[in-house]
Amino acid sequence: MSETKKDTSIKFVQCVASCSIALNLFLALNLYLGSSGKVINNQLSWSRLAAEEAELAASMDCSGHGRAYLDGFPIDGKPVCECNLCYGGPDCSEFSPDCPANASGGDPLFLEQFWREHAADSGILVAGWHRMSYSFSDQTYISQQLDAHIRKLHNVVGNAVTDGKFLVFGAGSTQLLYAAVHALSLPPDNTSSSSSPAQVVASIPYYALYEMQTDFFDSRESNFQGDAAILINNSDVTTNIIEFVTSPNNPDGQLNKPLLKGSNVKTIYDRAYFWPHFTAIPNPPAHEDLTIFTISKLTGHAGSRFGWALIKDERVYERMTRYMQLNSMGVSRDTQLRALKLLKVVLDGGGREIFKFGYEKMKKRWERLTNTLSLSNRFSLQKVSSQDCAFFRTPREPTPAYAWVKCEREDDEDCFEVMKSANIIGRAGAVFRADNHYVRLSLIRGDDDFDILINNLHKLVSEEGGVSETM
């Protein structure tokens, strides 16, 4: 073949290849954009506008004491600052010195700065036609990619075995907790009622929602009996028993273990706080029949309402799945997409970055709290010891999510009221069925909330005498 013919053949092949690429790109854009899609300045129009709106809200500093949101009420078409508690004004720069410290709620805002630093990695732009169907293409309500990332996460952290386990998604752990009670209280045949309802118990102090949900739904299959300790030596109990085991415990951070054993005892492990920023991760990983987790205390995204259950028994899995189908037809597809995006960021670099960030922040908070209360003879904290952590591969200091404070004076009969008089709003011990000499103080809220808490605590301790007015 002559050089001229050879060059012509090469150019012809290159032309065909270029046309093929251009045609495929054109078809792909039409498939992706639809008939109304447009390209402006080499960018998709809808994503550009959506990005501009998101950037505008994120760019508002709010003096570091608030934030602007896309779904906030706009003024003149622009988002406005929503201020942290105790701050006000158009830019949240006005501090109210007499404002009480909010140490009651469990909003995990201590991780907000981490996500501000990972805005690009964690941001999502969702098309208007994203997942409009009730189900995924496999006719389930569960994203298989999210399922895989959750299993990978537990493998990386080493806090739970997922091999041979089924996954059920829920609207946070809240929805899953009662779904588990429902599944475990049903008789084997799923139809007829058992001779007597299952007795639901937990160890005092316990998370109040266990009792509240069981009483509220008022099922003929279960009722709440209170403290698990009352059944330890009761050999006459032959009915079905469901024990909630919260580990780490809310409110005192202890790594609780089941109190009850026997063929009629079924256990629900609430592992909401079983992550390296709150507790040491022991070795080997937890290998339990039914364990519930939530993204709320993992990434801090409580408002996304996403949780999951790891289930060993297929029949229990099917019952919980049925409950979720009838209750809500699964978790929002948009929520699952966001959870997937967040877990990808968490897993980047083996999960070290977010857990180190969270651990260091909680460690500093615990140190500030213990240093403040160490000056007091009136108040004491729960004992949480240092432990070896399989994740960090080193001993770690305690970093519980909550302070379980005891008023040591006999005449301080209501520790909640003692704190309230000092402009500190906690959660009374009675809420957890404990003595009212106790109060729970949240350590996981935003930096402003924690700073105000420490400041007001220091003022309270200073009233005992012998304590300087400045830290």
# chains A, B, ... in the order shown; residues from 1 in each chain; ligands from 1
$ residues_around --residues "region 331-334 of chain A" --least-positions-apart "6" --cutoff "8 Å" --atoms "only C-alpha atoms" --output "VMD selection string"
chain A and resid 131 141 to 142 169 to 171 306
$ write_last_selection --atoms "all heavy atoms" --output "PDB file, in the first residue's frame"
ATOM      1  N   ARG A 131     -35.093   8.865  41.277  1.00  0.00           N
ATOM      2  CA  ARG A 131     -35.774   7.815  42.038  1.00  0.00           C
ATOM      3  C   ARG A 131     -37.227   8.171  42.356  1.00  0.00           C
ATOM      4  O   ARG A 131     -37.644   8.192  43.508  1.00  0.00           O
ATOM      5  CB  ARG A 131     -35.021   7.545  43.337  1.00  0.00           C
ATOM      6  CG  ARG A 131     -33.608   6.999  43.165  1.00  0.00           C
ATOM      7  CD  ARG A 131     -33.616   5.585  42.656  1.00  0.00           C
ATOM      8  NE  ARG A 131     -32.259   5.036  42.547  1.00  0.00           N
ATOM      9  CZ  ARG A 131     -31.966   3.913  41.893  1.00  0.00           C
ATOM     10  NH1 ARG A 131     -32.919   3.231  41.285  1.00  0.00           N
ATOM     11  NH2 ARG A 131     -30.726   3.484  41.834  1.00  0.00           N
ATOM     12  N   TYR A 141     -36.855  -1.883  48.666  1.00  0.00           N
ATOM     13  CA  TYR A 141     -36.817  -0.525  49.196  1.00  0.00           C
ATOM     14  C   TYR A 141     -35.436  -0.155  49.713  1.00  0.00           C
ATOM     15  O   TYR A 141     -35.272   0.853  50.391  1.00  0.00           O
ATOM     16  CB  TYR A 141     -37.840  -0.374  50.332  1.00  0.00           C
ATOM     17  CG  TYR A 141     -39.271  -0.652  49.919  1.00  0.00           C
ATOM     18  CD1 TYR A 141     -40.040  -1.587  50.581  1.00  0.00           C
ATOM     19  CD2 TYR A 141     -39.843   0.050  48.860  1.00  0.00           C
ATOM     20  CE1 TYR A 141     -41.356  -1.837  50.211  1.00  0.00           C
ATOM     21  CE2 TYR A 141     -41.154  -0.183  48.474  1.00  0.00           C
ATOM     22  CZ  TYR A 141     -41.913  -1.131  49.150  1.00  0.00           C
ATOM     23  OH  TYR A 141     -43.206  -1.362  48.772  1.00  0.00           O
ATOM     24  N   ILE A 142     -34.446  -0.976  49.384  1.00  0.00           N
ATOM     25  CA  ILE A 142     -33.101  -0.793  49.929  1.00  0.00           C
ATOM     26  C   ILE A 142     -32.076  -0.611  48.813  1.00  0.00           C
ATOM     27  O   ILE A 142     -32.015  -1.422  47.868  1.00  0.00           O
ATOM     28  CB  ILE A 142     -32.703  -1.995  50.813  1.00  0.00           C
ATOM     29  CG1 ILE A 142     -33.484  -1.944  52.133  1.00  0.00           C
ATOM     30  CG2 ILE A 142     -31.212  -2.026  51.084  1.00  0.00           C
ATOM     31  CD1 ILE A 142     -33.137  -3.059  53.091  1.00  0.00           C
ATOM     32  N   PHE A 169     -33.479  -1.146  56.755  1.00  0.00           N
ATOM     33  CA  PHE A 169     -33.308   0.293  56.921  1.00  0.00           C
ATOM     34  C   PHE A 169     -34.537   0.879  57.602  1.00  0.00           C
ATOM     35  O   PHE A 169     -35.659   0.398  57.426  1.00  0.00           O
ATOM     36  CB  PHE A 169     -33.118   0.989  55.568  1.00  0.00           C
ATOM     37  CG  PHE A 169     -31.849   0.625  54.848  1.00  0.00           C
ATOM     38  CD1 PHE A 169     -31.654   1.015  53.528  1.00  0.00           C
ATOM     39  CD2 PHE A 169     -30.839  -0.094  55.475  1.00  0.00           C
ATOM     40  CE1 PHE A 169     -30.485   0.701  52.846  1.00  0.00           C
ATOM     41  CE2 PHE A 169     -29.659  -0.416  54.813  1.00  0.00           C
ATOM     42  CZ  PHE A 169     -29.495  -0.024  53.485  1.00  0.00           C
ATOM     43  N   GLY A 170     -34.317   1.957  58.383  1.00  0.00           N
ATOM     44  CA  GLY A 170     -35.426   2.623  59.038  1.00  0.00           C
ATOM     45  C   GLY A 170     -35.195   4.121  59.131  1.00  0.00           C
ATOM     46  O   GLY A 170     -34.109   4.623  58.826  1.00  0.00           O
ATOM     47  N   ALA A 171     -36.236   4.841  59.541  1.00  0.00           N
ATOM     48  CA  ALA A 171     -36.128   6.282  59.755  1.00  0.00           C
ATOM     49  C   ALA A 171     -35.430   6.528  61.076  1.00  0.00           C
ATOM     50  O   ALA A 171     -36.062   6.712  62.114  1.00  0.00           O
ATOM     51  CB  ALA A 171     -37.508   6.923  59.738  1.00  0.00           C
ATOM     52  N   PHE A 306     -31.964   8.304  59.334  1.00  0.00           N
ATOM     53  CA  PHE A 306     -31.579   7.036  58.728  1.00  0.00           C
ATOM     54  C   PHE A 306     -30.892   6.139  59.752  1.00  0.00           C
ATOM     55  O   PHE A 306     -29.985   6.580  60.469  1.00  0.00           O
ATOM     56  CB  PHE A 306     -30.630   7.255  57.542  1.00  0.00           C
ATOM     57  CG  PHE A 306     -30.227   5.957  56.889  1.00  0.00           C
ATOM     58  CD1 PHE A 306     -31.121   5.260  56.097  1.00  0.00           C
ATOM     59  CD2 PHE A 306     -28.964   5.422  57.093  1.00  0.00           C
ATOM     60  CE1 PHE A 306     -30.760   4.044  55.513  1.00  0.00           C
ATOM     61  CE2 PHE A 306     -28.594   4.217  56.515  1.00  0.00           C
ATOM     62  CZ  PHE A 306     -29.489   3.524  55.718  1.00  0.00           C
TER      63      PHE A 306
END
$ residues_around --residues "Asp449 (chain A)" --least-positions-apart "6" --cutoff "8 Å" --atoms "only C-alpha atoms" --output "PDB file with N, CA, C and O atoms, in the first residue's frame"
ATOM      1  N   LEU A  85     -28.686  29.019  69.537  1.00  0.00           N
ATOM      2  CA  LEU A  85     -29.320  29.480  70.760  1.00  0.00           C
ATOM      3  C   LEU A  85     -28.416  30.481  71.467  1.00  0.00           C
ATOM      4  O   LEU A  85     -27.194  30.327  71.486  1.00  0.00           O
ATOM      5  N   ALA A 101     -27.999  27.593  79.114  1.00  0.00           N
ATOM      6  CA  ALA A 101     -27.266  26.599  78.316  1.00  0.00           C
ATOM      7  C   ALA A 101     -28.185  25.430  78.010  1.00  0.00           C
ATOM      8  O   ALA A 101     -28.794  24.855  78.912  1.00  0.00           O
ATOM      9  N   ASN A 102     -28.291  25.082  76.747  1.00  0.00           N
ATOM     10  CA  ASN A 102     -29.112  23.933  76.349  1.00  0.00           C
ATOM     11  C   ASN A 102     -28.243  22.680  76.371  1.00  0.00           C
ATOM     12  O   ASN A 102     -27.462  22.434  75.456  1.00  0.00           O
ATOM     13  N   ALA A 103     -28.366  21.880  77.416  1.00  0.00           N
ATOM     14  CA  ALA A 103     -27.635  20.619  77.525  1.00  0.00           C
ATOM     15  C   ALA A 103     -28.609  19.453  77.607  1.00  0.00           C
ATOM     16  O   ALA A 103     -28.290  18.402  78.150  1.00  0.00           O
TER      17      ALA A 103
END
$ closest_residue --among "A:Asp163, A:Asp270, A:Asp451, A:Asp414" --to "Lys364 (chain A)" --atoms "only C-alpha atoms"
A:Asp451
$ residues_around --residues "Val405 (chain A)" --least-positions-apart "2" --cutoff "7 Å" --atoms "only C-alpha atoms" --output "list in words"
Phe379, Ser380, Leu381, Gln382, Ala403, Cys407, Tyr438, Val439 and Arg440 of chain A
$ write_last_selection --atoms "all heavy atoms" --output "PDB file, in the first residue's frame"
ATOM      1  N   PHE A 379     -20.939  18.127  93.196  1.00  0.00           N
ATOM      2  CA  PHE A 379     -21.322  17.360  92.011  1.00  0.00           C
ATOM      3  C   PHE A 379     -20.265  16.312  91.681  1.00  0.00           C
ATOM      4  O   PHE A 379     -19.066  16.545  91.873  1.00  0.00           O
ATOM      5  CB  PHE A 379     -21.504  18.287  90.807  1.00  0.00           C
ATOM      6  CG  PHE A 379     -22.433  19.435  91.061  1.00  0.00           C
ATOM      7  CD1 PHE A 379     -21.935  20.719  91.261  1.00  0.00           C
ATOM      8  CD2 PHE A 379     -23.804  19.241  91.113  1.00  0.00           C
ATOM      9  CE1 PHE A 379     -22.770  21.785  91.501  1.00  0.00           C
ATOM     10  CE2 PHE A 379     -24.658  20.303  91.357  1.00  0.00           C
ATOM     11  CZ  PHE A 379     -24.143  21.578  91.564  1.00  0.00           C
ATOM     12  N   SER A 380     -20.715  15.177  91.152  1.00  0.00           N
ATOM     13  CA  SER A 380     -19.789  14.126  90.718  1.00  0.00           C
ATOM     14  C   SER A 380     -20.212  13.599  89.359  1.00  0.00           C
ATOM     15  O   SER A 380     -21.382  13.709  88.962  1.00  0.00           O
ATOM     16  CB  SER A 380     -19.747  12.982  91.733  1.00  0.00           C
ATOM     17  OG  SER A 380     -21.023  12.353  91.842  1.00  0.00           O
ATOM     18  N   LEU A 381     -19.238  13.023  88.642  1.00  0.00           N
ATOM     19  CA  LEU A 381     -19.476  12.467  87.313  1.00  0.00           C
ATOM     20  C   LEU A 381     -19.425  10.946  87.343  1.00  0.00           C
ATOM     21  O   LEU A 381     -18.815  10.353  88.231  1.00  0.00           O
ATOM     22  CB  LEU A 381     -18.412  12.962  86.335  1.00  0.00           C
ATOM     23  CG  LEU A 381     -18.589  14.335  85.694  1.00  0.00           C
ATOM     24  CD1 LEU A 381     -17.324  14.709  84.933  1.00  0.00           C
ATOM     25  CD2 LEU A 381     -19.790  14.341  84.770  1.00  0.00           C
ATOM     26  N   GLN A 382     -20.050  10.321  86.341  1.00  0.00           N
ATOM     27  CA  GLN A 382     -19.944   8.874  86.198  1.00  0.00           C
ATOM     28  C   GLN A 382     -18.495   8.469  85.965  1.00  0.00           C
ATOM     29  O   GLN A 382     -17.700   9.241  85.409  1.00  0.00           O
ATOM     30  CB  GLN A 382     -20.819   8.363  85.050  1.00  0.00           C
ATOM     31  CG  GLN A 382     -20.262   8.595  83.626  1.00  0.00           C
ATOM     32  CD  GLN A 382     -20.769   9.854  82.970  1.00  0.00           C
ATOM     33  OE1 GLN A 382     -20.906  10.879  83.631  1.00  0.00           O
ATOM     34  NE2 GLN A 382     -21.049   9.774  81.664  1.00  0.00           N
ATOM     35  N   ALA A 403     -22.788  13.624  80.040  1.00  0.00           N
ATOM     36  CA  ALA A 403     -22.325  13.628  81.422  1.00  0.00           C
ATOM     37  C   ALA A 403     -23.499  13.209  82.298  1.00  0.00           C
ATOM     38  O   ALA A 403     -24.589  13.782  82.209  1.00  0.00           O
ATOM     39  CB  ALA A 403     -21.836  15.017  81.811  1.00  0.00           C
ATOM     40  N   CYS A 407     -25.926  15.080  92.027  1.00  0.00           N
ATOM     41  CA  CYS A 407     -25.886  16.074  93.093  1.00  0.00           C
ATOM     42  C   CYS A 407     -25.674  15.309  94.412  1.00  0.00           C
ATOM     43  O   CYS A 407     -26.544  14.539  94.830  1.00  0.00           O
ATOM     44  CB  CYS A 407     -27.185  16.865  93.146  1.00  0.00           C
ATOM     45  SG  CYS A 407     -27.387  18.038  91.796  1.00  0.00           S
ATOM     46  N   TYR A 438     -29.781  12.676  90.041  1.00  0.00           N
ATOM     47  CA  TYR A 438     -28.989  12.647  88.804  1.00  0.00           C
ATOM     48  C   TYR A 438     -29.613  13.562  87.746  1.00  0.00           C
ATOM     49  O   TYR A 438     -30.822  13.782  87.714  1.00  0.00           O
ATOM     50  CB  TYR A 438     -28.917  11.238  88.231  1.00  0.00           C
ATOM     51  CG  TYR A 438     -28.054  10.282  89.021  1.00  0.00           C
ATOM     52  CD1 TYR A 438     -28.615   9.499  90.029  1.00  0.00           C
ATOM     53  CD2 TYR A 438     -26.693  10.157  88.755  1.00  0.00           C
ATOM     54  CE1 TYR A 438     -27.835   8.615  90.761  1.00  0.00           C
ATOM     55  CE2 TYR A 438     -25.913   9.278  89.480  1.00  0.00           C
ATOM     56  CZ  TYR A 438     -26.475   8.513  90.479  1.00  0.00           C
ATOM     57  OH  TYR A 438     -25.699   7.646  91.203  1.00  0.00           O
ATOM     58  N   VAL A 439     -28.750  14.059  86.848  1.00  0.00           N
ATOM     59  CA  VAL A 439     -29.192  14.816  85.688  1.00  0.00           C
ATOM     60  C   VAL A 439     -28.241  14.513  84.539  1.00  0.00           C
ATOM     61  O   VAL A 439     -27.036  14.319  84.751  1.00  0.00           O
ATOM     62  CB  VAL A 439     -29.223  16.336  85.980  1.00  0.00           C
ATOM     63  CG1 VAL A 439     -27.818  16.869  86.251  1.00  0.00           C
ATOM     64  CG2 VAL A 439     -29.859  17.111  84.824  1.00  0.00           C
ATOM     65  N   ARG A 440     -28.780  14.428  83.342  1.00  0.00           N
ATOM     66  CA  ARG A 440     -27.949  14.196  82.156  1.00  0.00           C
ATOM     67  C   ARG A 440     -27.676  15.512  81.453  1.00  0.00           C
ATOM     68  O   ARG A 440     -28.589  16.298  81.206  1.00  0.00           O
ATOM     69  CB  ARG A 440     -28.651  13.242  81.175  1.00  0.00           C
ATOM     70  CG  ARG A 440     -27.741  12.741  80.062  1.00  0.00           C
ATOM     71  CD  ARG A 440     -28.535  12.142  78.917  1.00  0.00           C
ATOM     72  NE  ARG A 440     -29.116  13.170  78.056  1.00  0.00           N
ATOM     73  CZ  ARG A 440     -29.721  12.912  76.881  1.00  0.00           C
ATOM     74  NH1 ARG A 440     -29.849  11.666  76.458  1.00  0.00           N
ATOM     75  NH2 ARG A 440     -30.236  13.898  76.155  1.00  0.00           N
TER      76      ARG A 440
END
$ select_by_dssp --residues "region 50-164 of chain A" --states "helix (DSSP H, G or I)" --output "VMD selection string"
chain A and resid 50 to 58 62 to 64 109 to 117 119 to 122 144 to 157
$ write_last_selection --atoms "N, CA, C and O atoms" --output "compact mmCIF listing (two decimals), in the first residue's frame"
# COMPACT_ATOMS: atom_id res chain seq x y z
N ALA A 50 -28.60 25.11 40.61
CA ALA A 50 -28.71 24.49 41.93
C ALA A 50 -27.44 24.71 42.74
O ALA A 50 -27.48 24.97 43.95
N ALA A 51 -26.29 24.62 42.06
CA ALA A 51 -25.01 24.83 42.74
C ALA A 51 -24.88 26.27 43.23
O ALA A 51 -24.38 26.53 44.32
N GLU A 52 -25.34 27.21 42.39
CA GLU A 52 -25.26 28.61 42.80
C GLU A 52 -26.11 28.88 44.04
O GLU A 52 -25.69 29.62 44.95
N GLU A 53 -27.29 28.28 44.12
CA GLU A 53 -28.14 28.45 45.29
C GLU A 53 -27.48 27.87 46.54
O GLU A 53 -27.50 28.49 47.61
N ALA A 54 -26.89 26.68 46.39
CA ALA A 54 -26.23 26.03 47.53
C ALA A 54 -25.02 26.83 47.99
O ALA A 54 -24.79 27.00 49.19
N GLU A 55 -24.24 27.33 47.03
CA GLU A 55 -23.05 28.12 47.37
C GLU A 55 -23.43 29.41 48.08
O GLU A 55 -22.75 29.85 49.00
N LEU A 56 -24.54 30.02 47.66
CA LEU A 56 -24.98 31.27 48.27
C LEU A 56 -25.31 31.05 49.74
O LEU A 56 -24.89 31.82 50.61
N ALA A 57 -26.05 30.00 50.03
CA ALA A 57 -26.41 29.70 51.41
C ALA A 57 -25.18 29.36 52.23
O ALA A 57 -25.00 29.83 53.36
N ALA A 58 -24.29 28.55 51.66
CA ALA A 58 -23.10 28.11 52.39
C ALA A 58 -22.12 29.24 52.63
O ALA A 58 -21.34 29.20 53.59
N CYS A 62 -22.61 34.18 59.04
CA CYS A 62 -23.47 34.33 60.23
C CYS A 62 -22.64 34.51 61.50
O CYS A 62 -23.00 34.00 62.57
N SER A 63 -21.52 35.20 61.36
CA SER A 63 -20.61 35.51 62.48
C SER A 63 -20.10 34.27 63.22
O SER A 63 -19.62 34.37 64.34
N GLY A 64 -20.22 33.12 62.59
CA GLY A 64 -19.77 31.89 63.23
C GLY A 64 -20.73 31.37 64.28
O GLY A 64 -20.42 30.39 64.97
N LEU A 109 -24.27 18.07 66.88
CA LEU A 109 -23.71 19.15 66.06
C LEU A 109 -22.21 19.33 66.25
O LEU A 109 -21.60 20.17 65.59
N PHE A 110 -21.60 18.54 67.14
CA PHE A 110 -20.16 18.64 67.35
C PHE A 110 -19.37 18.27 66.10
O PHE A 110 -18.19 18.61 65.98
N LEU A 111 -20.00 17.59 65.15
CA LEU A 111 -19.33 17.18 63.91
C LEU A 111 -19.56 18.16 62.76
O LEU A 111 -19.09 17.92 61.64
N GLU A 112 -20.27 19.25 63.01
CA GLU A 112 -20.59 20.17 61.92
C GLU A 112 -19.34 20.73 61.24
O GLU A 112 -19.29 20.83 60.01
N GLN A 113 -18.33 21.07 61.99
CA GLN A 113 -17.13 21.64 61.40
C GLN A 113 -16.44 20.66 60.46
O GLN A 113 -15.89 21.06 59.42
N PHE A 114 -16.49 19.38 60.80
CA PHE A 114 -15.90 18.37 59.91
C PHE A 114 -16.55 18.42 58.53
O PHE A 114 -15.87 18.38 57.50
N TRP A 115 -17.87 18.53 58.51
CA TRP A 115 -18.57 18.53 57.23
C TRP A 115 -18.42 19.86 56.50
O TRP A 115 -18.46 19.90 55.26
N ARG A 116 -18.20 20.94 57.23
CA ARG A 116 -17.89 22.21 56.57
C ARG A 116 -16.56 22.11 55.83
O ARG A 116 -16.37 22.68 54.76
N GLU A 117 -15.62 21.37 56.44
CA GLU A 117 -14.31 21.18 55.82
C GLU A 117 -14.35 20.19 54.67
O GLU A 117 -13.40 20.08 53.90
N ALA A 119 -17.05 20.06 52.41
CA ALA A 119 -18.23 20.49 51.67
C ALA A 119 -18.26 19.91 50.25
O ALA A 119 -19.30 19.43 49.78
N ALA A 120 -17.14 19.94 49.58
CA ALA A 120 -17.10 19.45 48.19
C ALA A 120 -17.31 17.95 48.12
O ALA A 120 -17.98 17.44 47.22
N ASP A 121 -16.72 17.20 49.08
CA ASP A 121 -16.82 15.75 49.06
C ASP A 121 -18.23 15.26 49.40
O ASP A 121 -18.66 14.21 48.92
N SER A 122 -18.93 16.02 50.25
CA SER A 122 -20.20 15.52 50.77
C SER A 122 -21.42 16.14 50.12
O SER A 122 -22.56 15.73 50.39
N GLN A 144 -28.81 -1.19 47.20
CA GLN A 144 -27.81 -2.25 47.35
C GLN A 144 -26.41 -1.67 47.52
O GLN A 144 -25.57 -2.25 48.22
N GLN A 145 -26.17 -0.52 46.93
CA GLN A 145 -24.86 0.12 47.10
C GLN A 145 -24.70 0.63 48.54
O GLN A 145 -23.62 0.51 49.13
N LEU A 146 -25.77 1.17 49.10
CA LEU A 146 -25.72 1.61 50.50
C LEU A 146 -25.55 0.42 51.43
O LEU A 146 -24.79 0.49 52.41
N ASP A 147 -26.24 -0.66 51.15
CA ASP A 147 -26.08 -1.90 51.92
C ASP A 147 -24.61 -2.33 51.94
O ASP A 147 -24.05 -2.64 53.00
N ALA A 148 -23.97 -2.30 50.77
CA ALA A 148 -22.56 -2.71 50.67
C ALA A 148 -21.64 -1.77 51.44
O ALA A 148 -20.68 -2.21 52.09
N HIS A 149 -21.93 -0.47 51.41
CA HIS A 149 -21.08 0.49 52.12
C HIS A 149 -21.24 0.36 53.64
O HIS A 149 -20.27 0.55 54.38
N ILE A 150 -22.43 0.03 54.10
CA ILE A 150 -22.63 -0.17 55.54
C ILE A 150 -21.83 -1.39 56.01
O ILE A 150 -21.17 -1.35 57.05
N ARG A 151 -21.87 -2.45 55.24
CA ARG A 151 -21.11 -3.65 55.60
C ARG A 151 -19.61 -3.37 55.60
O ARG A 151 -18.88 -3.81 56.48
N LYS A 152 -19.16 -2.60 54.61
CA LYS A 152 -17.75 -2.23 54.55
C LYS A 152 -17.36 -1.36 55.75
O LYS A 152 -16.28 -1.53 56.34
N LEU A 153 -18.24 -0.45 56.14
CA LEU A 153 -17.99 0.43 57.28
C LEU A 153 -17.77 -0.38 58.55
O LEU A 153 -16.82 -0.15 59.30
N HIS A 154 -18.66 -1.33 58.82
CA HIS A 154 -18.52 -2.15 60.03
C HIS A 154 -17.24 -2.99 59.99
O HIS A 154 -16.60 -3.20 61.03
N ASN A 155 -16.87 -3.43 58.81
CA ASN A 155 -15.64 -4.19 58.67
C ASN A 155 -14.41 -3.34 58.96
O ASN A 155 -13.46 -3.78 59.62
N VAL A 156 -14.43 -2.08 58.50
CA VAL A 156 -13.32 -1.16 58.72
C VAL A 156 -13.22 -0.77 60.20
O VAL A 156 -12.13 -0.78 60.78
N VAL A 157 -14.35 -0.42 60.81
CA VAL A 157 -14.36 0.01 62.21
C VAL A 157 -14.15 -1.17 63.15
O VAL A 157 -13.53 -1.03 64.21
$ residues_around --residues "region 221-224 of chain A" --least-positions-apart "5" --cutoff "7 Å" --atoms "only C-alpha atoms" --output "count of residues only"
11
$ select_by_dssp --residues "region 75-241 of chain A" --states "strand (DSSP E or B)" --output "ChimeraX atom specification"
/A:75,78,81-83,87-88,94-95,101-102,160,166-170,198-202,222-227,241
$ closest_residue --among "A:Ala127, A:His277, A:Ile295, A:Val181" --to "Ser45 (chain A)" --atoms "only C-alpha atoms"
A:Ala127
$ closest_residue --among "A:Leu298, A:Ala202, A:Thr140, A:Asp227" --to "Ile268 (chain A)" --atoms "only C-alpha atoms"
A:Ala202
$ residues_around --residues "region 286-288 of chain A" --least-positions-apart "3" --cutoff "6 Å" --atoms "only C-alpha atoms" --output "VMD selection string"
chain A and resid 159 to 161
$ write_last_selection --atoms "all heavy atoms" --output "compact mmCIF listing (two decimals), in the first residue's frame"
# COMPACT_ATOMS: atom_id res chain seq x y z
N ASN A 159 -16.66 -2.89 64.63
CA ASN A 159 -17.61 -2.87 65.74
C ASN A 159 -18.77 -3.83 65.59
O ASN A 159 -19.58 -3.96 66.51
CB ASN A 159 -18.13 -1.44 65.96
CG ASN A 159 -18.88 -0.89 64.75
OD1 ASN A 159 -18.85 -1.46 63.66
ND2 ASN A 159 -19.56 0.23 64.96
N ALA A 160 -18.88 -4.50 64.45
CA ALA A 160 -19.97 -5.45 64.28
C ALA A 160 -19.68 -6.41 63.13
O ALA A 160 -19.11 -6.01 62.10
CB ALA A 160 -21.29 -4.72 64.02
N VAL A 161 -20.07 -7.65 63.31
CA VAL A 161 -19.97 -8.66 62.25
C VAL A 161 -21.20 -8.53 61.36
O VAL A 161 -22.34 -8.48 61.85
CB VAL A 161 -19.90 -10.07 62.85
CG1 VAL A 161 -19.98 -11.13 61.76
CG2 VAL A 161 -18.64 -10.24 63.67
$ closest_residue --among "A:Asp61, A:Glu464, A:Glu360, A:Asp107" --to "Pro90 (chain A)" --atoms "only C-alpha atoms"
A:Asp61
$ residues_around --residues "Arg393 (chain A)" --least-positions-apart "2" --cutoff "12 Å" --atoms "only C-alpha atoms" --output "list in words"
Val157, Gly158, Pro276, Ala280, Ile281, Pro282, Asn283, Arg352, Gln387, Asp388, Cys389, Ala390, Phe391, Pro395 and Arg396 of chain A
